[in-house]
>>> print(open('model19.cif').read())   # mmCIF, C-alpha atoms
data_data
loop_
_atom_site.label_atom_id
_atom_site.label_comp_id
_atom_site.auth_asym_id
_atom_site.auth_seq_id
_atom_site.Cartn_x
_atom_site.Cartn_y
_atom_site.Cartn_z
CA MET C 7 18.14 -7.89 -40.63
CA TYR C 8 17.99 -4.10 -40.84
CA VAL C 9 15.53 -2.38 -43.19
CA ASP C 10 13.57 0.85 -43.53
CA LEU C 11 9.89 0.27 -42.75
CA ARG C 12 6.98 2.59 -43.30
CA ILE C 13 5.44 3.87 -40.07
CA ASP C 14 2.09 2.29 -40.95
CA GLN C 15 3.78 -1.12 -41.38
CA ILE C 16 4.54 -1.17 -37.66
CA MET C 17 2.14 -1.54 -34.75
CA ALA C 18 2.63 -1.16 -31.01
CA ASN C 19 2.72 -4.23 -28.79
CA PRO C 20 -0.54 -4.36 -26.78
CA ASP C 21 1.36 -6.28 -24.09
CA GLN C 22 4.06 -3.63 -23.82
CA PRO C 23 5.18 -3.55 -20.15
CA ARG C 24 5.35 0.23 -20.11
CA LYS C 25 1.99 1.97 -20.08
CA PHE C 26 3.06 5.48 -19.06
CA PHE C 27 5.27 7.76 -21.16
CA ASP C 28 6.62 11.02 -19.77
CA GLU C 29 5.26 13.87 -21.88
CA ASP C 30 8.30 16.15 -21.45
CA ALA C 31 10.75 13.36 -22.35
CA HIS C 32 8.59 12.43 -25.34
CA ARG C 33 8.57 16.03 -26.53
CA GLU C 34 12.37 16.28 -26.21
CA LEU C 35 12.87 13.05 -28.15
CA THR C 36 10.50 14.22 -30.88
CA GLU C 37 12.45 17.49 -31.31
CA SER C 38 15.74 15.56 -31.40
CA ILE C 39 14.41 13.26 -34.14
CA LYS C 40 13.22 16.26 -36.15
CA GLU C 41 16.74 17.67 -36.01
CA ASN C 42 18.90 14.55 -36.26
CA GLY C 43 16.63 11.71 -37.39
CA LEU C 44 16.32 8.38 -35.58
CA LEU C 45 19.79 7.24 -34.52
CA GLN C 46 18.80 3.93 -32.88
CA PRO C 47 16.58 1.60 -34.93
CA VAL C 48 13.42 0.10 -33.48
CA VAL C 49 13.28 -3.68 -33.05
CA VAL C 50 10.27 -5.50 -34.56
CA ARG C 51 9.06 -8.99 -35.36
CA ALA C 52 6.80 -10.23 -38.14
CA VAL C 53 3.19 -10.99 -37.15
CA GLU C 54 0.23 -12.40 -39.03
CA GLY C 55 -3.43 -11.52 -38.81
CA GLU C 56 -2.80 -8.07 -37.34
CA LYS C 57 -3.50 -4.60 -38.69
CA ALA C 58 0.20 -4.18 -39.53
CA PRO C 59 2.74 -6.83 -40.63
CA HIS C 60 5.30 -5.93 -37.92
CA MET C 61 4.97 -5.52 -34.16
CA ILE C 62 7.39 -3.60 -31.93
CA VAL C 63 9.61 -5.61 -29.62
CA ALA C 64 11.72 -2.68 -28.43
CA GLY C 65 11.60 1.04 -29.15
CA GLU C 66 7.93 1.98 -28.90
CA ARG C 67 8.81 5.39 -27.46
CA ARG C 68 11.11 6.08 -30.42
CA TRP C 69 8.43 4.90 -32.86
CA ARG C 70 5.83 7.18 -31.26
CA ALA C 71 8.23 10.13 -31.45
CA CYS C 72 8.94 9.41 -35.15
CA LYS C 73 5.21 9.54 -35.89
CA GLU C 74 4.95 12.79 -33.95
CA ALA C 75 7.94 14.21 -35.84
CA GLY C 76 6.22 13.50 -39.17
CA LEU C 77 8.52 10.72 -40.41
CA THR C 78 6.97 8.30 -42.88
CA ALA C 79 9.60 5.56 -42.49
CA VAL C 80 11.98 4.41 -39.73
CA PRO C 81 15.06 2.18 -39.63
CA ALA C 82 14.17 -1.16 -38.03
CA ARG C 83 15.78 -4.41 -37.06
CA ILE C 84 13.54 -7.40 -37.82
CA LEU C 85 13.94 -10.37 -35.49
CA GLU C 86 13.31 -13.74 -37.07
CA ASP C 87 12.04 -16.98 -35.49
CA ILE C 88 10.93 -15.33 -32.25
CA ASP C 89 7.76 -16.27 -30.38
CA GLU C 90 5.55 -14.00 -28.25
CA GLU C 91 7.09 -15.04 -24.93
CA LYS C 92 10.64 -14.34 -26.10
CA ALA C 93 9.52 -11.02 -27.57
CA PHE C 94 7.90 -10.11 -24.26
CA VAL C 95 11.09 -10.96 -22.35
CA LEU C 96 13.13 -8.77 -24.70
CA SER C 97 10.64 -5.94 -24.24
CA ILE C 98 10.98 -6.18 -20.47
CA SER C 99 14.77 -6.30 -20.75
CA GLU C 100 14.78 -3.04 -22.68
CA ASN C 101 12.63 -1.22 -20.14
CA VAL C 102 13.23 -2.77 -16.73
CA ASN C 103 16.30 -0.69 -15.87
CA ARG C 104 14.99 2.57 -17.32
CA ALA C 105 14.31 5.32 -14.81
CA ASP C 106 11.01 6.20 -16.49
CA MET C 107 9.54 2.71 -16.12
CA THR C 108 7.32 2.79 -13.05
CA ILE C 109 7.67 0.11 -10.41
CA MET C 110 4.03 -0.92 -10.90
CA GLU C 111 4.74 -1.51 -14.61
CA GLU C 112 7.79 -3.53 -13.62
CA ALA C 113 5.72 -5.54 -11.14
CA GLY C 114 3.07 -6.22 -13.76
CA ALA C 115 5.68 -7.43 -16.25
CA TYR C 116 7.15 -9.87 -13.74
CA ALA C 117 3.67 -11.07 -12.84
CA ASP C 118 2.95 -11.81 -16.51
CA LEU C 119 6.06 -14.01 -16.67
CA VAL C 120 5.09 -15.79 -13.45
CA ALA C 121 1.66 -16.41 -14.99
CA LEU C 122 3.48 -18.08 -17.91
CA GLY C 123 5.12 -20.48 -15.45
CA TRP C 124 8.34 -18.63 -14.64
CA LYS C 125 9.76 -18.97 -11.13
CA PRO C 126 10.89 -15.79 -9.30
CA GLU C 127 14.45 -17.18 -9.34
CA ALA C 128 14.38 -17.49 -13.14
CA VAL C 129 12.94 -13.98 -13.53
CA ALA C 130 15.66 -12.59 -11.25
CA LYS C 131 18.44 -14.32 -13.16
CA THR C 132 17.11 -13.21 -16.56
CA PHE C 133 16.98 -9.53 -15.66
CA GLY C 134 19.97 -9.32 -13.32
CA LYS C 135 17.90 -8.78 -10.17
CA THR C 136 17.78 -10.52 -6.81
CA LYS C 137 14.99 -12.93 -5.93
CA THR C 138 13.99 -10.55 -3.10
CA HIS C 139 13.66 -7.66 -5.57
CA ILE C 140 11.31 -9.72 -7.75
CA GLU C 141 9.22 -10.88 -4.79
CA TRP C 142 8.92 -7.34 -3.41
CA ARG C 143 7.77 -6.05 -6.78
CA LEU C 144 5.22 -8.86 -7.07
CA GLY C 145 4.02 -7.98 -3.56
CA LEU C 146 2.99 -4.53 -4.80
CA LEU C 147 0.24 -6.01 -6.95
CA THR C 148 -2.04 -6.26 -3.91
CA LEU C 149 -2.18 -2.45 -3.69
CA ARG C 150 -5.60 -0.92 -4.24
CA PRO C 151 -5.80 1.18 -7.45
CA GLU C 152 -5.66 4.60 -5.75
CA VAL C 153 -2.51 3.73 -3.81
CA ALA C 154 -0.93 2.05 -6.86
CA ASP C 155 -1.44 5.33 -8.78
CA TRP C 156 0.38 7.27 -6.04
CA VAL C 157 3.23 4.76 -6.20
CA ASN C 158 3.36 5.10 -10.00
CA GLU C 159 3.51 8.88 -9.66
CA GLY C 160 6.45 8.59 -7.25
CA LYS C 161 4.52 10.04 -4.32
CA ILE C 162 5.14 6.88 -2.28
CA LYS C 163 8.57 5.24 -2.43
CA PRO C 164 9.12 1.52 -3.15
CA ASN C 165 10.07 0.38 0.37
CA LEU C 166 7.11 2.05 2.04
CA SER C 167 4.75 0.96 -0.73
CA TRP C 168 5.65 -2.69 -0.12
CA HIS C 169 4.78 -2.40 3.59
CA ILE C 170 1.51 -0.67 2.70
CA ALA C 171 0.74 -3.48 0.23
CA GLN C 172 0.76 -5.98 3.12
CA LEU C 173 -2.28 -4.27 4.67
CA SER C 174 -5.99 -4.66 4.10
CA PRO C 175 -7.45 -2.28 1.47
CA GLY C 176 -8.93 -0.02 4.16
CA ASN C 177 -5.68 0.26 6.11
CA GLN C 178 -3.75 0.82 2.87
CA MET C 179 -5.71 4.04 2.44
CA VAL C 180 -5.15 4.98 6.09
CA ALA C 181 -1.37 4.57 5.86
CA ALA C 182 -1.03 6.13 2.39
CA THR C 183 -3.20 9.19 3.03
CA ARG C 184 -1.51 9.90 6.37
CA TYR C 185 1.89 9.71 4.68
CA LEU C 186 0.85 12.01 1.82
CA ARG C 187 -0.71 14.39 4.34
CA GLY C 188 2.68 14.73 6.04
CA ASP C 189 1.77 13.13 9.37
CA PHE C 190 5.18 11.46 9.66
CA ASP C 191 8.59 13.08 10.13
CA THR C 192 10.36 10.46 8.02
CA GLU C 193 9.58 7.62 5.64
CA ALA C 194 10.84 5.26 8.35
CA ASP C 195 8.13 6.55 10.71
CA ALA C 196 5.50 5.86 8.04
CA THR C 197 6.92 2.34 7.62
CA ASN C 198 6.77 1.76 11.38
CA PHE C 199 3.13 2.87 11.35
CA ALA C 200 2.30 0.49 8.49
CA GLN C 201 4.00 -2.36 10.32
CA GLY C 202 2.00 -1.50 13.42
CA LEU C 203 -1.23 -1.65 11.43
CA ARG C 204 -0.19 -5.05 10.11
CA MET C 205 0.41 -6.31 13.65
CA ALA C 206 -3.03 -5.02 14.68
CA GLU C 207 -4.64 -6.81 11.73
CA GLN C 208 -3.07 -10.08 12.76
CA GLN C 209 -4.69 -9.91 16.17
CA THR C 210 -7.83 -12.03 16.41
CA SER C 211 -9.85 -9.22 17.98
CA LEU C 212 -9.17 -5.80 19.42
CA VAL C 213 -12.46 -5.02 21.10
CA SER C 214 -13.09 -8.44 22.56
CA GLU C 215 -9.82 -8.71 24.48
CA LYS C 216 -10.12 -9.62 28.13
CA GLU C 217 -9.99 -6.75 30.56
CA PRO C 218 -6.59 -6.81 32.34
CA THR C 219 -6.71 -7.82 35.98
CA VAL C 220 -5.94 -5.39 38.78
CA GLU C 221 -2.51 -6.99 39.21
CA GLU C 222 -1.76 -6.63 35.50
CA LYS C 223 -2.82 -2.97 35.55
CA GLU C 224 -0.59 -2.27 38.55
CA LYS C 225 2.32 -4.05 36.85
CA ARG C 226 1.89 -1.96 33.71
CA GLN C 227 1.68 1.26 35.71
CA LYS C 228 4.91 0.42 37.58
CA ALA C 229 6.71 -0.43 34.34
CA LYS C 230 5.49 2.82 32.77
CA ALA C 231 6.61 4.88 35.78
CA LYS C 232 10.03 3.19 35.80
CA THR C 233 10.63 3.67 32.06
CA THR C 234 9.34 7.25 32.15
CA ASP C 235 11.71 8.01 35.04
CA LYS C 236 14.69 6.62 33.12
CA LEU C 237 13.83 8.55 29.97
CA GLY C 238 13.40 11.67 32.05
CA LYS C 239 16.95 11.31 33.37
CA VAL C 240 18.25 11.36 29.80
CA GLU C 241 16.87 14.86 29.42
CA GLU C 242 17.90 15.97 32.90
CA VAL C 243 21.43 14.54 33.02
CA VAL C 244 22.73 13.49 29.62
CA MET C 245 21.39 16.38 27.55
CA PRO C 246 22.95 19.16 29.65
CA LEU C 247 26.30 17.32 29.58
CA LEU C 248 26.26 16.96 25.81
CA GLU C 249 25.15 20.57 25.35
CA GLU C 250 28.07 21.71 27.52
CA LEU C 251 30.53 19.61 25.51
CA THR C 252 29.29 21.00 22.19
CA LYS C 253 29.83 24.54 23.43
CA ALA C 254 33.47 23.87 24.38
CA LYS C 255 36.31 24.59 21.98
CA PRO C 256 38.39 21.55 20.86
CA GLU C 257 41.68 23.18 21.92
CA GLU C 258 40.27 23.84 25.40
CA LEU C 259 39.24 20.20 25.81
CA ALA C 260 42.67 19.13 24.58
CA ASP C 261 44.29 21.25 27.31
CA ILE C 262 41.89 20.02 30.01
CA LEU C 263 41.78 16.27 29.25
CA GLY C 264 45.04 15.72 27.38
CA THR C 265 45.76 12.05 26.62
CA ASP C 266 42.56 10.95 28.40
CA LEU C 267 40.56 12.27 25.44
CA GLY C 268 40.79 8.97 23.54
CA ARG C 269 39.04 7.12 26.34
CA TYR C 270 36.20 9.65 26.44
CA VAL C 271 35.85 9.61 22.67
CA ARG C 272 35.31 5.84 22.81
CA LYS C 273 32.68 6.31 25.55
CA ILE C 274 30.84 8.93 23.52
CA ASP C 275 30.97 6.65 20.47
CA ARG C 276 29.36 3.84 22.48
CA LEU C 277 26.78 6.28 23.78
CA ALA C 278 26.03 7.50 20.24
CA SER C 279 25.57 3.91 19.09
CA GLN C 280 23.14 3.19 21.92
CA VAL C 281 21.28 6.44 21.29
CA THR C 282 20.86 5.52 17.61
CA LEU C 283 19.53 2.09 18.55
CA ALA C 284 17.22 3.50 21.23
CA ARG C 285 15.96 6.13 18.82
CA ARG C 286 15.10 3.48 16.25
CA ILE C 287 13.32 1.29 18.81
CA LEU C 288 11.36 4.22 20.22
CA ARG C 289 10.27 5.29 16.74
CA GLN C 290 9.13 1.74 15.99
CA ALA C 291 7.24 1.64 19.27
CA ASN C 292 5.63 4.99 18.47
CA GLY C 293 4.49 3.68 15.10
CA ILE C 294 2.98 0.61 16.73
CA ALA C 295 1.23 2.72 19.39
CA GLU C 296 -0.28 5.07 16.79
CA ALA C 297 -1.36 2.15 14.63
CA ARG C 298 -3.00 0.43 17.59
CA LYS C 299 -4.97 3.56 18.36
CA VAL C 300 -6.16 3.85 14.76
CA ALA C 301 -7.06 0.15 14.67
CA TRP C 302 -8.82 0.40 18.03
CA ASP C 303 -10.83 3.47 17.01
CA THR C 304 -11.79 1.76 13.74
CA ALA C 305 -12.82 -1.45 15.51
CA VAL C 306 -14.89 0.42 18.10
CA ALA C 307 -16.58 2.46 15.36
CA GLU C 308 -17.42 -0.74 13.48
CA VAL C 309 -18.89 -2.36 16.59
CA GLN C 310 -20.96 0.74 17.34
CA GLN C 311 -22.14 0.86 13.73
CA GLU C 312 -23.14 -2.80 13.80
CA LYS C 313 -24.91 -2.30 17.12
CA ALA C 314 -26.82 0.74 15.81
CA LYS C 315 -27.67 -1.16 12.65
CA ALA C 316 -28.97 -4.13 14.65
CA GLU C 317 -31.07 -1.86 16.89
CA GLY C 318 -32.43 -0.10 13.83
CA LYS C 319 -33.44 -3.43 12.31
CA VAL C 320 -35.33 -4.40 15.48
CA GLU C 321 -37.26 -1.13 15.48
CA GLU C 322 -38.04 -1.38 11.78
CA ALA C 323 -39.22 -4.99 12.15
CA LYS C 324 -42.19 -4.06 14.41
CA PRO C 325 -44.17 -1.88 11.97
CA ALA C 326 -43.31 -4.29 9.17
CA ALA C 327 -44.80 -7.15 11.19
CA LYS C 328 -47.98 -5.18 11.92
CA LYS C 329 -48.39 -4.33 8.26
CA ALA C 330 -47.95 -7.95 7.31
CA ALA C 331 -50.52 -9.04 9.88
CA ALA C 332 -53.05 -6.47 8.71
CA LYS C 333 -52.70 -7.29 5.01
CA PRO C 334 -50.78 -10.45 4.15
CA GLN C 335 -49.00 -10.17 0.80
CA ARG C 336 -47.99 -12.92 -1.56
CA SER C 337 -44.26 -13.39 -1.35
CA THR C 338 -42.03 -13.76 -4.39
CA GLY C 339 -38.32 -14.52 -4.45
CA THR C 340 -35.87 -15.75 -1.85
CA ARG C 341 -35.64 -12.44 0.06
CA SER C 342 -39.45 -12.13 0.22
CA ARG C 343 -39.83 -15.69 1.51
CA ALA C 344 -37.23 -15.01 4.17
CA ALA C 345 -39.04 -11.79 5.15
CA ALA C 346 -42.35 -13.68 5.28
CA LYS C 347 -40.87 -16.29 7.60
CA SER C 348 -39.57 -13.52 9.84
CA THR C 349 -43.04 -11.94 9.88
CA GLU C 350 -44.71 -15.26 10.65
CA ARG C 351 -42.60 -15.58 13.78
CA LYS C 352 -43.88 -12.22 15.03
CA VAL C 353 -47.62 -12.71 14.30
CA PRO C 354 -48.35 -15.18 17.15
CA ALA C 355 -47.10 -12.66 19.69
CA GLN C 356 -49.51 -10.10 18.29
CA LYS C 357 -52.44 -12.54 18.34
CA LYS C 358 -51.79 -13.19 21.99
CA ALA C 359 -51.86 -9.47 22.64
CA GLU C 360 -55.26 -8.93 20.95
CA PRO C 361 -57.43 -10.78 23.59
CA LYS C 362 -55.73 -8.78 26.33
CA ALA C 363 -56.58 -5.56 24.51
CA GLU C 364 -60.25 -6.65 24.17
CA ALA C 365 -60.40 -7.53 27.85
CA ALA C 366 -58.97 -4.13 28.75
CA LYS C 367 -61.61 -2.38 26.64
CA LYS C 368 -64.44 -4.36 28.31
CA THR C 369 -63.07 -3.47 31.77
CA GLU C 370 -62.94 0.21 30.86
CA ALA C 371 -66.52 0.10 29.53
CA ALA C 372 -67.76 -1.60 32.70
CA ALA C 373 -66.03 1.02 34.84
CA ALA C 374 -67.63 3.79 32.81
CA LYS C 375 -71.14 2.35 33.47
#
>>> encode(input="model19.cif", output="structure tokens")
Amino acid sequence: MYVDLRIDQIMANPDQPRKFFDEDAHRELTESIKENGLLQPVVVRAVEGEKAPHMIVAGERRWRACKEAGLTAVPARILEDIDEEKAFVLSISENVNRADMTIMEEAGAYADLVALGWKPEAVAKTFGKTKTHIEWRLGLLTLRPEVADWVNEGKIKPNLSWHIAQLSPGNQMVAATRYLRGDFDTEADATNFAQGLRMAEQQTSLVSEKEPTVEEKEKRQKAKAKTTDKLGKVEEVVMPLLEELTKAKPEELADILGTDLGRYVRKIDRLASQVTLARRILRQANGIAEARKVAWDTAVAEVQQEKAKAEGKVEEAKPAAKKAAAKPQRSTGTRSRAAAKSTERKVPAQKKAEPKAEAAKKTEAAAAK
């Protein structure tokens, strides 16, 4: 049923999937409505016990722009016999494929449906997405707020954001800030780094690993020397050859090689394929190596911090014990009782030390006489 409703008879949906509205786009729509009116009606449903008798199902942006444009009434389509869940699904359907709906809003909308008992397969089928798409969006909900804001603002792309979401909160900030700072040549390099951090997190311990044996060290050194030598030959042999070929004119090569050119083209194609694969593997390895270094440095810093903290506690415990021995205080609360027990363990050692001190004083006095 289509009717004209007063603006104040309509209220926004508090569960609207979209939370962010582009100011420039809103301003353009407002100006268009001022000039041409609202061409596409808003969709509403009747509600009871609310501040307005109708709630928006679809078209909140248009409704906002109508208010801004000074309209007092808007054309509306009223849906009948529709419950909140169905209204929510329709609201998602209207927004999910819009370019201005952020991926975090999309993820939140899917999560709300899952909370209502929907399976990812059902969500995917309803909105014309793949199950993987739904699961990847849901995976973004583990992002810490700062990183989620950067994703919403488009500073971090969806694929990379999913890999960052798999990390601990601390490493999420490490990967995201390094990416925004421009530490990586490509998004793929940033993804490789995030994957490397994930691998490091899955290790049981970085600082408590066994020291490699002499034989293992020698084996690693030989493997490094061998691989380095091979990679060096690429620069020494292959690069000059390719540079020479690129400088040659096609007609000259046609004269020189003639019908043999096809065979060499196939060889170069195979070489190009292998170079692409090697490049990808080396970039992945570089990401893992950088991530390991970051994880190692972080782990070492944490161990050193814990060690310094423990040493500081030992030093602080001595004067506290002396003070407690000199003037015992009545303890209150769990922490105080625990502190008192700790102090009680230190007092006997002090009592043993007191007779020795008295004996030393008597010896000094006797020597003085």
>>> resolve_selection(input="model19.cif", expression="the PyMOL selection byres ((chain C and resi 160-172) around 7)", output="list in words")
Trp142, Gly145, Leu146, Thr148, Leu149, Trp156, Val157, Asn158, Glu159, Leu173, Ser174, Gln178, Ala181, Thr197, Ala200 and Gln201 of chain C
>>> residues_around(input="model19.cif", residues="Asp87 (chain C)", least_positions_apart="3", cutoff="10 Å", atoms="only C-alpha atoms", output="list in words")
Arg51, Ala52, Ile84 and Lys92 of chain C
>>> residues_around(input="model19.cif", residues="Ala206 (chain C)", least_positions_apart="6", cutoff="12 Å", atoms="all atoms listed in the file", output="list in words")
Leu173, Ser174, Asn177, Phe199, Ala200, Leu212, Val213, Gly293, Ile294, Ala295, Glu296, Ala297, Arg298, Lys299, Val300, Ala301, Trp302, Asp303, Thr304 and Ala305 of chain C
>>> closest_residue(input="model19.cif", among="C:Pro246, C:Gly238, C:Gly176, C:Gly76", to="Thr36 (chain C)", atoms="only C-alpha atoms")
C:Gly76
>>> residues_near_point(input="model19.cif", point="(-2.2, -4.6, -34.7)", cutoff="10 Å", atoms="only C-alpha atoms", output="VMD selection string")
chain C and resid 15 to 20 53 to 61
